[in-house]
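All remarks here apply to the structure that follows.
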Amino acid sequence: MPKSRIELRVTLYHFQENERTLAVLFDSVVRSTGLAPSQIIAVPVPDTGPSLADIAAADAVIVSGAKWSVWEDVPNQPALVEVLKEARARRMPMLGICFGEQLLAHVFGGTVVADKPHGEWGTFDMTLTDAAESDALFSGMPRTFPAQCAHNDQVTALPPGATLLAGSALCPVQAFAIQDQGIYGVQFHPERSRADYVSILDIRGQKYFGSEAVEDYAGSPAAEKAREVREGLRETPDAESVMSRFIDRIVLRKNA
């Protein structure tokens, strides 16, 4: 039976270990998707082993960013991998963001590498490919648009059957899709506004850029890098529209 937008349920797999960063993430997902908080079921992967019960009543899966690389010993990642494979078998729409994009690529046969020299921290311009013009999610968007980024690793080879949809000057794979299955990965953060990024820098700037000790942060290279990133941030309305587009154009159509 077809579902309306207010009936949808989305499972959000996240890796936030700090209540403040989780609040920023959850609020940003609510705002950018246009869903009610009750429609988003947040599952903390490091604390709660993912299970098939998480997706039993879900209409879609979103996998958030994380501090890890996909080849590291991420707590409960093997269980999450099994859930993602089952979600694909059920043809459930999926959206991977940053680490989430890398994990989808890794799980489904692509390649992810560490590439700190080409890391992107701040606002960068995305450029859509020709294939994006007819893609269900990206069609109608500007050919080039700014988006928030926060990564050192990146996808270098797409999973079999995937289509490249966007890239940037430093990261050729900024978005891909296994289109016939509603599986999308985006390296940039479509849920994150400029204000969200500022909040994240206030909370995690020292850890992002290499200084773990709070007392050593002020005046450190890490603090200077955080300041540079903050000052260069731009508004990203087109990138943020990807979240609601995913709900309306991918998830709702699957449930029509």
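Chain labels A, B, ... are given in the sequence in which chains occur in the structure tokens; within each chain residues are numbered consecutively from 1, and ligands are likewise numbered from 1 in the order shown.
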
Excluding same-chain residues fewer than 4 positions from A:Ile55, what lies within 9 Å of it counting only C-alpha atoms, as a VMD selection string? chain A and resid 10 to 11 51 59 to 61 83 87

Would you mind exporting N, CA and C atoms of the selected residues as an mmCIF file, in the first residue's frame?
data_model
loop_
_atom_site.group_PDB
_atom_site.id
_atom_site.type_symbol
_atom_site.label_atom_id
_atom_site.label_comp_id
_atom_site.auth_asym_id
_atom_site.auth_seq_id
_atom_site.Cartn_x
_atom_site.Cartn_y
_atom_site.Cartn_z
ATOM 1 N N VAL A 10 12.798 6.201 8.771
ATOM 2 C CA VAL A 10 14.172 6.116 8.277
ATOM 3 C C VAL A 10 15.090 5.703 9.424
ATOM 4 N N THR A 11 15.897 4.680 9.189
ATOM 5 C CA THR A 11 16.903 4.284 10.176
ATOM 6 C C THR A 11 18.192 5.038 9.897
ATOM 7 N N SER A 51 21.179 -4.523 13.964
ATOM 8 C CA SER A 51 20.526 -5.805 13.707
ATOM 9 C C SER A 51 19.439 -5.616 12.661
ATOM 10 N N ASP A 59 11.749 2.362 5.947
ATOM 11 C CA ASP A 59 11.573 2.561 4.512
ATOM 12 C C ASP A 59 12.866 2.955 3.824
ATOM 13 N N ALA A 60 13.875 3.320 4.607
ATOM 14 C CA ALA A 60 15.162 3.717 4.048
ATOM 15 C C ALA A 60 16.212 3.685 5.145
ATOM 16 N N VAL A 61 17.472 3.689 4.710
ATOM 17 C CA VAL A 61 18.611 3.705 5.628
ATOM 18 C C VAL A 61 19.514 4.875 5.256
ATOM 19 N N VAL A 83 23.704 -5.838 7.884
ATOM 20 C CA VAL A 83 22.417 -5.156 7.743
ATOM 21 C C VAL A 83 22.340 -4.456 6.386
ATOM 22 N N ALA A 87 19.639 -4.972 3.549
ATOM 23 C CA ALA A 87 18.832 -3.851 3.058
ATOM 24 C C ALA A 87 18.901 -3.793 1.534
#

Where in stretch 6-251 of chain A does DSSP assign strand (DSSP E), given as number ranges by chain? A: 10-14, 40-44, 60-63, 94-97, 111-114, 120-128, 144-151, 153-157, 163-167, 175-178, 183-186

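Within 7 Å of stretch 38-45 of chain A, once only C-alpha atoms are used and residues closer than 2 positions along the same chain are dropped, the contacting residues are Leu8, Arg9, Val10, Thr11, Leu12, Tyr13, His14, Phe15, Gln16, Leu35, Ala36, Asp47, Thr48, Gly49, Pro50 and Asn76 of chain A.
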
Stretch 1-103 of chain A near stretch 147-157 of chain A within 10 Å: what's each residue's closest atom pair and its distance in Å to one decimal, counting only C-alpha atoms, ordered by chain then ascending residue number, as a Markdown table?
| residue | atom | partner | partner_atom | distance |
| --- | --- | --- | --- | --- |
| A:Gly65 | CA | A:Ala150 | CA | 8.9 |
| A:Ala66 | CA | A:His151 | CA | 9.4 |
| A:Lys67 | CA | A:His151 | CA | 8.9 |
| A:Trp68 | CA | A:Asp153 | CA | 9.5 |
| A:Ser69 | CA | A:Asp153 | CA | 7.1 |
| A:Val70 | CA | A:Asp153 | CA | 9.0 |
| A:Cys98 | CA | A:His151 | CA | 7.1 |
| A:Phe99 | CA | A:His151 | CA | 8.2 |
| A:Glu101 | CA | A:Val155 | CA | 8.1 |
| A:Gln102 | CA | A:Val155 | CA | 6.0 |
| A:Leu103 | CA | A:Val155 | CA | 9.4 |

Residues of stretch 25-148 of chain A classed as alpha helix (DSSP H) by DSSP on the backbone are to be reported as a PDB file with N, CA and C atoms, in the first residue's frame.
ATOM      1  N   LEU A  25      23.940  16.528  14.591  1.00  0.00           N
ATOM      2  CA  LEU A  25      23.652  15.624  13.475  1.00  0.00           C
ATOM      3  C   LEU A  25      22.159  15.352  13.366  1.00  0.00           C
ATOM      4  N   PHE A  26      21.530  14.973  14.470  1.00  0.00           N
ATOM      5  CA  PHE A  26      20.115  14.602  14.416  1.00  0.00           C
ATOM      6  C   PHE A  26      19.263  15.788  13.981  1.00  0.00           C
ATOM      7  N   ASP A  27      19.533  16.955  14.554  1.00  0.00           N
ATOM      8  CA  ASP A  27      18.759  18.142  14.171  1.00  0.00           C
ATOM      9  C   ASP A  27      18.954  18.476  12.702  1.00  0.00           C
ATOM     10  N   SER A  28      20.172  18.296  12.207  1.00  0.00           N
ATOM     11  CA  SER A  28      20.443  18.619  10.795  1.00  0.00           C
ATOM     12  C   SER A  28      19.725  17.642   9.869  1.00  0.00           C
ATOM     13  N   VAL A  29      19.654  16.373  10.256  1.00  0.00           N
ATOM     14  CA  VAL A  29      18.951  15.387   9.427  1.00  0.00           C
ATOM     15  C   VAL A  29      17.453  15.672   9.428  1.00  0.00           C
ATOM     16  N   VAL A  30      16.907  16.016  10.588  1.00  0.00           N
ATOM     17  CA  VAL A  30      15.483  16.368  10.674  1.00  0.00           C
ATOM     18  C   VAL A  30      15.190  17.570   9.776  1.00  0.00           C
ATOM     19  N   ARG A  31      16.008  18.602   9.895  1.00  0.00           N
ATOM     20  CA  ARG A  31      15.774  19.834   9.129  1.00  0.00           C
ATOM     21  C   ARG A  31      15.906  19.589   7.630  1.00  0.00           C
ATOM     22  N   SER A  32      16.972  18.922   7.228  1.00  0.00           N
ATOM     23  CA  SER A  32      17.257  18.796   5.797  1.00  0.00           C
ATOM     24  C   SER A  32      16.353  17.786   5.097  1.00  0.00           C
ATOM     25  N   THR A  33      15.893  16.762   5.801  1.00  0.00           N
ATOM     26  CA  THR A  33      14.957  15.815   5.191  1.00  0.00           C
ATOM     27  C   THR A  33      13.532  16.326   5.210  1.00  0.00           C
ATOM     28  N   GLN A  77      31.049  -2.655  13.265  1.00  0.00           N
ATOM     29  CA  GLN A  77      30.925  -2.489  11.817  1.00  0.00           C
ATOM     30  C   GLN A  77      30.545  -3.791  11.103  1.00  0.00           C
ATOM     31  N   PRO A  78      31.065  -4.951  11.498  1.00  0.00           N
ATOM     32  CA  PRO A  78      30.647  -6.183  10.804  1.00  0.00           C
ATOM     33  C   PRO A  78      29.139  -6.400  10.849  1.00  0.00           C
ATOM     34  N   ALA A  79      28.522  -6.092  11.991  1.00  0.00           N
ATOM     35  CA  ALA A  79      27.062  -6.246  12.088  1.00  0.00           C
ATOM     36  C   ALA A  79      26.365  -5.262  11.161  1.00  0.00           C
ATOM     37  N   LEU A  80      26.895  -4.030  11.066  1.00  0.00           N
ATOM     38  CA  LEU A  80      26.300  -3.039  10.179  1.00  0.00           C
ATOM     39  C   LEU A  80      26.428  -3.483   8.721  1.00  0.00           C
ATOM     40  N   VAL A  81      27.559  -4.051   8.370  1.00  0.00           N
ATOM     41  CA  VAL A  81      27.757  -4.532   7.001  1.00  0.00           C
ATOM     42  C   VAL A  81      26.696  -5.568   6.638  1.00  0.00           C
ATOM     43  N   GLU A  82      26.405  -6.471   7.541  1.00  0.00           N
ATOM     44  CA  GLU A  82      25.389  -7.491   7.271  1.00  0.00           C
ATOM     45  C   GLU A  82      24.016  -6.862   7.087  1.00  0.00           C
ATOM     46  N   VAL A  83      23.704  -5.838   7.884  1.00  0.00           N
ATOM     47  CA  VAL A  83      22.417  -5.156   7.743  1.00  0.00           C
ATOM     48  C   VAL A  83      22.340  -4.456   6.386  1.00  0.00           C
ATOM     49  N   LEU A  84      23.425  -3.810   5.974  1.00  0.00           N
ATOM     50  CA  LEU A  84      23.430  -3.111   4.686  1.00  0.00           C
ATOM     51  C   LEU A  84      23.261  -4.086   3.529  1.00  0.00           C
ATOM     52  N   LYS A  85      23.879  -5.235   3.634  1.00  0.00           N
ATOM     53  CA  LYS A  85      23.712  -6.246   2.583  1.00  0.00           C
ATOM     54  C   LYS A  85      22.259  -6.719   2.516  1.00  0.00           C
ATOM     55  N   GLU A  86      21.651  -6.895   3.683  1.00  0.00           N
ATOM     56  CA  GLU A  86      20.258  -7.327   3.703  1.00  0.00           C
ATOM     57  C   GLU A  86      19.341  -6.220   3.188  1.00  0.00           C
ATOM     58  N   ALA A  87      19.639  -4.972   3.549  1.00  0.00           N
ATOM     59  CA  ALA A  87      18.832  -3.851   3.058  1.00  0.00           C
ATOM     60  C   ALA A  87      18.901  -3.793   1.534  1.00  0.00           C
ATOM     61  N   ARG A  88      20.078  -4.053   0.977  1.00  0.00           N
ATOM     62  CA  ARG A  88      20.195  -4.076  -0.481  1.00  0.00           C
ATOM     63  C   ARG A  88      19.383  -5.218  -1.067  1.00  0.00           C
ATOM     64  N   ALA A  89      19.421  -6.375  -0.426  1.00  0.00           N
ATOM     65  CA  ALA A  89      18.649  -7.516  -0.905  1.00  0.00           C
ATOM     66  C   ALA A  89      17.152  -7.214  -0.901  1.00  0.00           C
ATOM     67  N   PHE A  99      31.814   9.071   5.548  1.00  0.00           N
ATOM     68  CA  PHE A  99      32.180   7.697   5.885  1.00  0.00           C
ATOM     69  C   PHE A  99      31.124   6.726   5.383  1.00  0.00           C
ATOM     70  N   GLY A 100      29.865   7.124   5.459  1.00  0.00           N
ATOM     71  CA  GLY A 100      28.786   6.265   4.980  1.00  0.00           C
ATOM     72  C   GLY A 100      28.906   5.965   3.505  1.00  0.00           C
ATOM     73  N   GLU A 101      29.291   6.960   2.708  1.00  0.00           N
ATOM     74  CA  GLU A 101      29.517   6.731   1.274  1.00  0.00           C
ATOM     75  C   GLU A 101      30.655   5.744   1.071  1.00  0.00           C
ATOM     76  N   GLN A 102      31.743   5.958   1.813  1.00  0.00           N
ATOM     77  CA  GLN A 102      32.903   5.082   1.691  1.00  0.00           C
ATOM     78  C   GLN A 102      32.549   3.660   2.097  1.00  0.00           C
ATOM     79  N   LEU A 103      31.728   3.513   3.141  1.00  0.00           N
ATOM     80  CA  LEU A 103      31.355   2.179   3.596  1.00  0.00           C
ATOM     81  C   LEU A 103      30.497   1.467   2.558  1.00  0.00           C
ATOM     82  N   LEU A 104      29.540   2.170   1.958  1.00  0.00           N
ATOM     83  CA  LEU A 104      28.726   1.551   0.905  1.00  0.00           C
ATOM     84  C   LEU A 104      29.601   1.120  -0.263  1.00  0.00           C
ATOM     85  N   ALA A 105      30.527   1.978  -0.653  1.00  0.00           N
ATOM     86  CA  ALA A 105      31.428   1.620  -1.744  1.00  0.00           C
ATOM     87  C   ALA A 105      32.256   0.392  -1.379  1.00  0.00           C
ATOM     88  N   HIS A 106      32.810   0.395  -0.180  1.00  0.00           N
ATOM     89  CA  HIS A 106      33.664  -0.698   0.287  1.00  0.00           C
ATOM     90  C   HIS A 106      32.897  -2.014   0.354  1.00  0.00           C
ATOM     91  N   VAL A 107      31.703  -1.987   0.924  1.00  0.00           N
ATOM     92  CA  VAL A 107      30.904  -3.196   1.119  1.00  0.00           C
ATOM     93  C   VAL A 107      30.461  -3.788  -0.209  1.00  0.00           C
TER      94      VAL A 107
END

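Checking A:Glu191, A:Asp238, A:Asp73, A:Glu19 one by one against A:Phe138, counting only C-alpha atoms, you find the shortest gap at A:Asp238.
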
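If you measure from each of A:Ala222, A:Gly109, A:Leu165, A:Gly185 to A:Glu133 using only C-alpha atoms, the closest one turns out to be A:Leu165.
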
If I take atom CA of A:Gly122 and atom CA of A:Phe209, how far is one from the other in Å, to one decimal? 12.3 Å

Fewer than 5 positions away in the same chain doesn't count, so skip those; otherwise give me all residues within 10 Å of A:Leu128, counting only C-alpha atoms, as number ranges by chain. A: 133, 138-139, 141-145, 164-168, 174-175

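Using only C-alpha atoms, the nearest neighbour of A:Glu72 within the list A:Ala53, A:Met94, A:Glu224, A:Val113 is A:Val113.
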
I'd like the interatomic distance between atom CA of A:Arg90 and atom CA of A:Leu52, to a tenth of an Å. 11.3 Å

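Among the candidates A:Thr123, A:Ser241, A:Thr111, A:Ser193, the one nearest to A:Pro160 when counting only C-alpha atoms is A:Thr111.
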
How many Å lie between atom CA of A:Pro221 and atom CA of A:Val74, rounded to one decimal? 27.9 Å
